[in-house]
Amino acid sequence: MRVIWAIVLGGLLWALPPSPSAPTSQRGDQAGDPDVLREANRILEEEIKLAARPQIYLLLDLPDRLIAIKGRGIDLHRLPITAWQTVEERAMAGVFRLRARPQVVRPKAAPPDDPTQDPIELKDMPAAYELLFDPTLAVTVAPPFQERPWLWVKSLMRHSWLGVASWIRSAAAIDEKATSPCLRLTLSVEAAQSLAWSVTDGMPLLIRRTMP
Amino acid sequence: MKVLPPLSVFVLIGVLFLLASHLRGPSEAEGNAANLEPHKRSAASELSRLLARHVSLRHQLAQQAPAGHYIVVDTAHNRLYVNRHQAVLLTALASTGSGTILNDPDRPGTKWIFDTPRGEFSIQAKLTNPVWVKPDWAFLEEGLAVPTDPEQRFESDVLGDYALGFGKGYFIHGTLYARLLGKNVTHGCIRLQDDDLQKVYQLSKIGTPVMIF
């Protein structure tokens with residue numbers, strides 16, 4: 001049985017699309033690459049509008065492999081991205097708003113119990129989940145294979161399925177604008193839980209892409 | 001007639017070829033190279049335009065940041081920071097909302113969720129020697145009836161020396177339970193130990209932004 005599992009997993013790993021390039025920072029190249037500058041300027045234009053309002057928003061920086069929780073243009077907290085994969089990356093422009101996030105089971109207290117005795121903590125947050133945004137964008141989050149192999153494989157299968165579904169939808173619709181971009185993030189367990197903790201309904205998201 | 005030696009023929013052909021080339025003008029390859037100059041100039045101009053725009057946008061974004069002190073609260077790790085520009089002036093251990101639910105036994109469907117609100121707020125009130133006006137849930141979670149006499153809601157010496165209100169009844173205040181700092185145990189307010197609370201009180205003023213995530 002173990003041999004079969006090893007063959008299945010080995011085959012899966014072999015069939016994996018290669019991980020995006022090494023996490024080299026593109027900021028240093030900005031001065032020389034018009035496309036990188038155009039993308040950076042697009043992000044800044046959107047971010048200025050978001051930062052003008054009293055709200056917390058997310059900036060997902062794919063080239064720098066970083067998620068920044070921001071307010072007023074300031075980085076409040078940063079979460080490193082271990083790896084990522086996209087479907088329809090080109091369509092990840094504009095501001096996305098969080099529509100659905102993982103549900104957390106809240107402990108209920110019955111008086112005279114102290115409701116603060118059994119609080120929700122960071123470790124109670126899920127490490128593998130899906131965030132859905134408007135306009136259509138699905139972000140699947142999972143820890144690295146080394147930390148939680150099964151969750152990682154599940155997220156890979158989910159992402160692959162979303163990719164195929166997106167392709168079928170765009171092919172059936174013939175309309176090139178009918179895209180369903182998907183993003184698969186591999187985050188450490190703590191970073192994944194921190195992200196699940198920090199996102200709120202309607203939270204705006206910006207994505208800095210590698211290919212403007 | 002004397003036949004020219006082969007070497008001379010080659011030299012003559014070479015000279016004629018060079019002359020013809022010169023008279024014909026630049027070759028295709030040379031023409032491309034000549035046309036490259038305007039293209040390069042255009043690319044450089046586009047690049048400098050993009051760079052100028054980038055610098056301007058960065059400046060505009062920087063202007064959105066608070067001009068003075070601002071408070072950042074990390075509810076996941078129960079930390080409160082007082083910052084100014086990029087400098088962290090104070091890091092304090094805090095207690096934030098427990099995230100639990102309390103149902104009202106007398107009114108089915110009525111419940112309280114003890115979350116610290118997320119988003120950007122601002123300091124709206126600065127109080128010294130604050131008195132806690134106990135809300136309904138405070139009585140219910142003790143298994144007591146909600147009093148009809150408002151006087152019975154007042155409780156002093158439980159919020160510390162200072163309280164900073166940031167809206168909707170939420171405060172940054174002191175605590176009698178310092179051993180629980182660093183944990184998610186509150187009903188939504190942000191608790192600090194006495195020394196940190198005093199510093200936050202001194203560094204803040206009405207309008208100081210409070211960013212909670």
# chains A, B, ... in the order shown; residues from 1 in each chain; ligands from 1
>>> select_by_dssp(residues="segment 62-205 of chain B", states="strand (DSSP E or B)", output="number ranges by chain")
B: 69-74, 79-84, 87-97, 101-103, 111-113, 119-122, 125-128, 131-133, 154-156, 162-167, 170-173, 184-186, 190-192
>>> interface_residues(of="chain A", to="chain B", cutoff="9 Å", atoms="only C-alpha atoms", output="MDAnalysis selection string")
chainID A and resid 30:34 37:38 40:41 44:45 47:49 51:57 69 71:74 76:77 106:122 194 197:200
>>> residues_around(residues="Ala87 of chain B", least_positions_apart="3", cutoff="12 Å", atoms="only C-alpha atoms", output="list in words")
Ile74 of chain A; Gly68, His69, Tyr70, Ile71, Tyr81, Val82, Asn83, Arg84, Leu90 and Thr91 of chain B
>>> write_last_selection(atoms="N, CA, C and O atoms", output="mmCIF file, in the first residue's frame")
data_model
loop_
_atom_site.group_PDB
_atom_site.id
_atom_site.type_symbol
_atom_site.label_atom_id
_atom_site.label_comp_id
_atom_site.auth_asym_id
_atom_site.auth_seq_id
_atom_site.Cartn_x
_atom_site.Cartn_y
_atom_site.Cartn_z
ATOM 1 N N ILE A 74 0.672 52.418 4.908
ATOM 2 C CA ILE A 74 1.731 51.930 5.802
ATOM 3 C C ILE A 74 1.623 50.404 5.920
ATOM 4 O O ILE A 74 0.521 49.881 6.038
ATOM 5 N N GLY B 68 1.154 62.604 12.468
ATOM 6 C CA GLY B 68 1.694 62.508 13.828
ATOM 7 C C GLY B 68 1.744 61.071 14.308
ATOM 8 O O GLY B 68 1.954 60.143 13.527
ATOM 9 N N HIS B 69 1.531 60.899 15.614
ATOM 10 C CA HIS B 69 1.526 59.550 16.170
ATOM 11 C C HIS B 69 0.309 58.770 15.681
ATOM 12 O O HIS B 69 -0.730 59.360 15.393
ATOM 13 N N TYR B 70 0.460 57.465 15.590
ATOM 14 C CA TYR B 70 -0.694 56.613 15.339
ATOM 15 C C TYR B 70 -0.508 55.300 16.084
ATOM 16 O O TYR B 70 0.617 54.884 16.383
ATOM 17 N N ILE B 71 -1.655 54.679 16.399
ATOM 18 C CA ILE B 71 -1.644 53.442 17.192
ATOM 19 C C ILE B 71 -1.976 52.271 16.268
ATOM 20 O O ILE B 71 -2.899 52.359 15.457
ATOM 21 N N TYR B 81 1.117 49.025 19.349
ATOM 22 C CA TYR B 81 2.292 49.832 19.017
ATOM 23 C C TYR B 81 1.868 51.288 18.892
ATOM 24 O O TYR B 81 0.792 51.584 18.370
ATOM 25 N N VAL B 82 2.726 52.177 19.363
ATOM 26 C CA VAL B 82 2.541 53.597 19.046
ATOM 27 C C VAL B 82 3.684 53.962 18.104
ATOM 28 O O VAL B 82 4.868 53.781 18.440
ATOM 29 N N ASN B 83 3.324 54.411 16.917
ATOM 30 C CA ASN B 83 4.320 54.735 15.891
ATOM 31 C C ASN B 83 4.260 56.209 15.522
ATOM 32 O O ASN B 83 3.233 56.871 15.724
ATOM 33 N N ARG B 84 5.351 56.664 14.973
ATOM 34 C CA ARG B 84 5.369 57.982 14.338
ATOM 35 C C ARG B 84 6.212 57.821 13.080
ATOM 36 O O ARG B 84 7.369 57.420 13.167
ATOM 37 N N LEU B 90 6.567 52.790 20.937
ATOM 38 C CA LEU B 90 6.168 51.964 22.084
ATOM 39 C C LEU B 90 5.612 50.629 21.584
ATOM 40 O O LEU B 90 4.825 50.587 20.649
ATOM 41 N N THR B 91 6.072 49.562 22.206
ATOM 42 C CA THR B 91 5.495 48.235 21.962
ATOM 43 C C THR B 91 4.932 47.748 23.288
ATOM 44 O O THR B 91 5.658 47.692 24.279
#
>>> residues_around(residues="Ala93 of chain A", least_positions_apart="4", cutoff="10 Å", atoms="only C-alpha atoms", output="ChimeraX atom specification")
/A:39,42-43,46,89,206-209,212
>>> residues_around(residues="Glu130 of chain A", least_positions_apart="5", cutoff="7 Å", atoms="only C-alpha atoms", output="list in words")
Arg101, Pro102, Ala138, Val139, Thr140 and Val141 of chain A
>>> residues_around(residues="Pro135 of chain A", least_positions_apart="2", cutoff="9 Å", atoms="only C-alpha atoms", output="VMD selection string")
chain A and resid 94 to 97 133 137 180
>>> decode(residues="segment 67-164 of chain A", atoms="C-alpha atoms", output="mmCIF file, in the first residue's frame")
data_model
loop_
_atom_site.group_PDB
_atom_site.id
_atom_site.type_symbol
_atom_site.label_atom_id
_atom_site.label_comp_id
_atom_site.auth_asym_id
_atom_site.auth_seq_id
_atom_site.Cartn_x
_atom_site.Cartn_y
_atom_site.Cartn_z
ATOM 1 C CA ILE A 67 1.482 39.810 1.746
ATOM 2 C CA ALA A 68 1.265 43.214 3.386
ATOM 3 C CA ILE A 69 -1.589 44.170 5.694
ATOM 4 C CA LYS A 70 -1.824 47.900 5.163
ATOM 5 C CA GLY A 71 -3.570 51.039 6.276
ATOM 6 C CA ARG A 72 -2.960 54.610 5.038
ATOM 7 C CA GLY A 73 -0.196 53.271 2.801
ATOM 8 C CA ILE A 74 1.731 51.930 5.802
ATOM 9 C CA ASP A 75 2.761 48.295 6.182
ATOM 10 C CA LEU A 76 1.117 47.200 9.435
ATOM 11 C CA HIS A 77 2.168 43.572 9.147
ATOM 12 C CA ARG A 78 3.939 41.385 6.603
ATOM 13 C CA LEU A 79 3.467 37.712 5.849
ATOM 14 C CA PRO A 80 5.987 35.861 3.663
ATOM 15 C CA ILE A 81 4.730 33.724 0.771
ATOM 16 C CA THR A 82 6.584 30.433 0.419
ATOM 17 C CA ALA A 83 5.349 29.763 -3.125
ATOM 18 C CA TRP A 84 2.501 30.694 -5.426
ATOM 19 C CA GLN A 85 0.797 29.659 -8.639
ATOM 20 C CA THR A 86 -1.720 31.495 -10.745
ATOM 21 C CA VAL A 87 -4.317 30.891 -13.391
ATOM 22 C CA GLU A 88 -5.111 33.946 -15.515
ATOM 23 C CA GLU A 89 -2.611 36.169 -13.734
ATOM 24 C CA ARG A 90 -3.133 38.884 -16.304
ATOM 25 C CA ALA A 91 -6.741 39.263 -15.112
ATOM 26 C CA MET A 92 -5.659 40.002 -11.539
ATOM 27 C CA ALA A 93 -5.776 43.761 -12.038
ATOM 28 C CA GLY A 94 -7.952 46.196 -10.118
ATOM 29 C CA VAL A 95 -9.282 46.075 -6.576
ATOM 30 C CA PHE A 96 -10.825 42.833 -5.308
ATOM 31 C CA ARG A 97 -13.127 42.712 -2.279
ATOM 32 C CA LEU A 98 -13.391 39.746 0.048
ATOM 33 C CA ARG A 99 -16.729 37.985 -0.336
ATOM 34 C CA ALA A 100 -16.203 34.734 1.553
ATOM 35 C CA ARG A 101 -13.655 33.556 4.084
ATOM 36 C CA PRO A 102 -13.263 30.514 6.321
ATOM 37 C CA GLN A 103 -15.860 30.264 9.035
ATOM 38 C CA VAL A 104 -14.600 29.940 12.585
ATOM 39 C CA VAL A 105 -16.576 28.080 15.203
ATOM 40 C CA ARG A 106 -17.071 30.516 18.062
ATOM 41 C CA PRO A 107 -17.396 29.081 21.553
ATOM 42 C CA LYS A 108 -20.709 29.964 23.169
ATOM 43 C CA ALA A 109 -20.970 30.753 26.828
ATOM 44 C CA ALA A 110 -24.004 30.195 28.964
ATOM 45 C CA PRO A 111 -24.280 32.476 31.998
ATOM 46 C CA PRO A 112 -22.846 32.419 34.544
ATOM 47 C CA ASP A 113 -19.883 30.898 32.657
ATOM 48 C CA ASP A 114 -17.124 33.323 31.830
ATOM 49 C CA PRO A 115 -17.252 33.676 28.033
ATOM 50 C CA THR A 116 -13.604 34.710 27.962
ATOM 51 C CA GLN A 117 -12.369 31.438 29.471
ATOM 52 C CA ASP A 118 -12.317 29.650 26.123
ATOM 53 C CA PRO A 119 -11.350 32.329 23.622
ATOM 54 C CA ILE A 120 -10.575 32.031 19.931
ATOM 55 C CA GLU A 121 -6.851 32.253 19.405
ATOM 56 C CA LEU A 122 -4.565 32.380 16.413
ATOM 57 C CA LYS A 123 -3.911 28.641 16.654
ATOM 58 C CA ASP A 124 -7.636 28.010 16.240
ATOM 59 C CA MET A 125 -7.535 29.513 12.760
ATOM 60 C CA PRO A 126 -7.430 27.178 9.763
ATOM 61 C CA ALA A 127 -4.143 26.697 7.903
ATOM 62 C CA ALA A 128 -5.796 25.603 4.631
ATOM 63 C CA TYR A 129 -8.769 27.474 3.233
ATOM 64 C CA GLU A 130 -10.166 29.448 0.349
ATOM 65 C CA LEU A 131 -10.822 33.160 0.067
ATOM 66 C CA LEU A 132 -13.324 34.319 -2.550
ATOM 67 C CA PHE A 133 -13.308 37.843 -3.900
ATOM 68 C CA ASP A 134 -15.374 40.114 -6.124
ATOM 69 C CA PRO A 135 -14.776 40.489 -9.033
ATOM 70 C CA THR A 136 -14.287 36.743 -9.365
ATOM 71 C CA LEU A 137 -11.036 35.617 -7.825
ATOM 72 C CA ALA A 138 -10.355 32.488 -5.801
ATOM 73 C CA VAL A 139 -7.336 32.364 -3.505
ATOM 74 C CA THR A 140 -6.503 28.966 -2.043
ATOM 75 C CA VAL A 141 -4.149 28.946 0.920
ATOM 76 C CA ALA A 142 -2.262 25.941 2.266
ATOM 77 C CA PRO A 143 0.905 25.216 4.220
ATOM 78 C CA PRO A 144 4.013 23.780 2.506
ATOM 79 C CA PHE A 145 4.196 20.073 1.675
ATOM 80 C CA GLN A 146 6.818 19.582 4.394
ATOM 81 C CA GLU A 147 4.508 20.975 7.102
ATOM 82 C CA ARG A 148 1.110 19.501 6.156
ATOM 83 C CA PRO A 149 1.428 17.132 3.167
ATOM 84 C CA TRP A 150 -2.249 16.270 2.885
ATOM 85 C CA LEU A 151 -3.455 19.890 3.040
ATOM 86 C CA TRP A 152 -0.865 20.818 0.433
ATOM 87 C CA VAL A 153 -2.002 18.053 -1.933
ATOM 88 C CA LYS A 154 -5.638 19.012 -1.376
ATOM 89 C CA SER A 155 -4.958 22.652 -2.221
ATOM 90 C CA LEU A 156 -3.028 21.595 -5.324
ATOM 91 C CA MET A 157 -5.959 19.484 -6.492
ATOM 92 C CA ARG A 158 -8.394 22.292 -5.736
ATOM 93 C CA HIS A 159 -6.259 24.811 -7.619
ATOM 94 C CA SER A 160 -5.918 22.443 -10.582
ATOM 95 C CA TRP A 161 -9.657 21.971 -10.649
ATOM 96 C CA LEU A 162 -10.273 25.732 -10.508
ATOM 97 C CA GLY A 163 -7.793 26.170 -13.345
ATOM 98 C CA VAL A 164 -9.543 23.595 -15.530
#
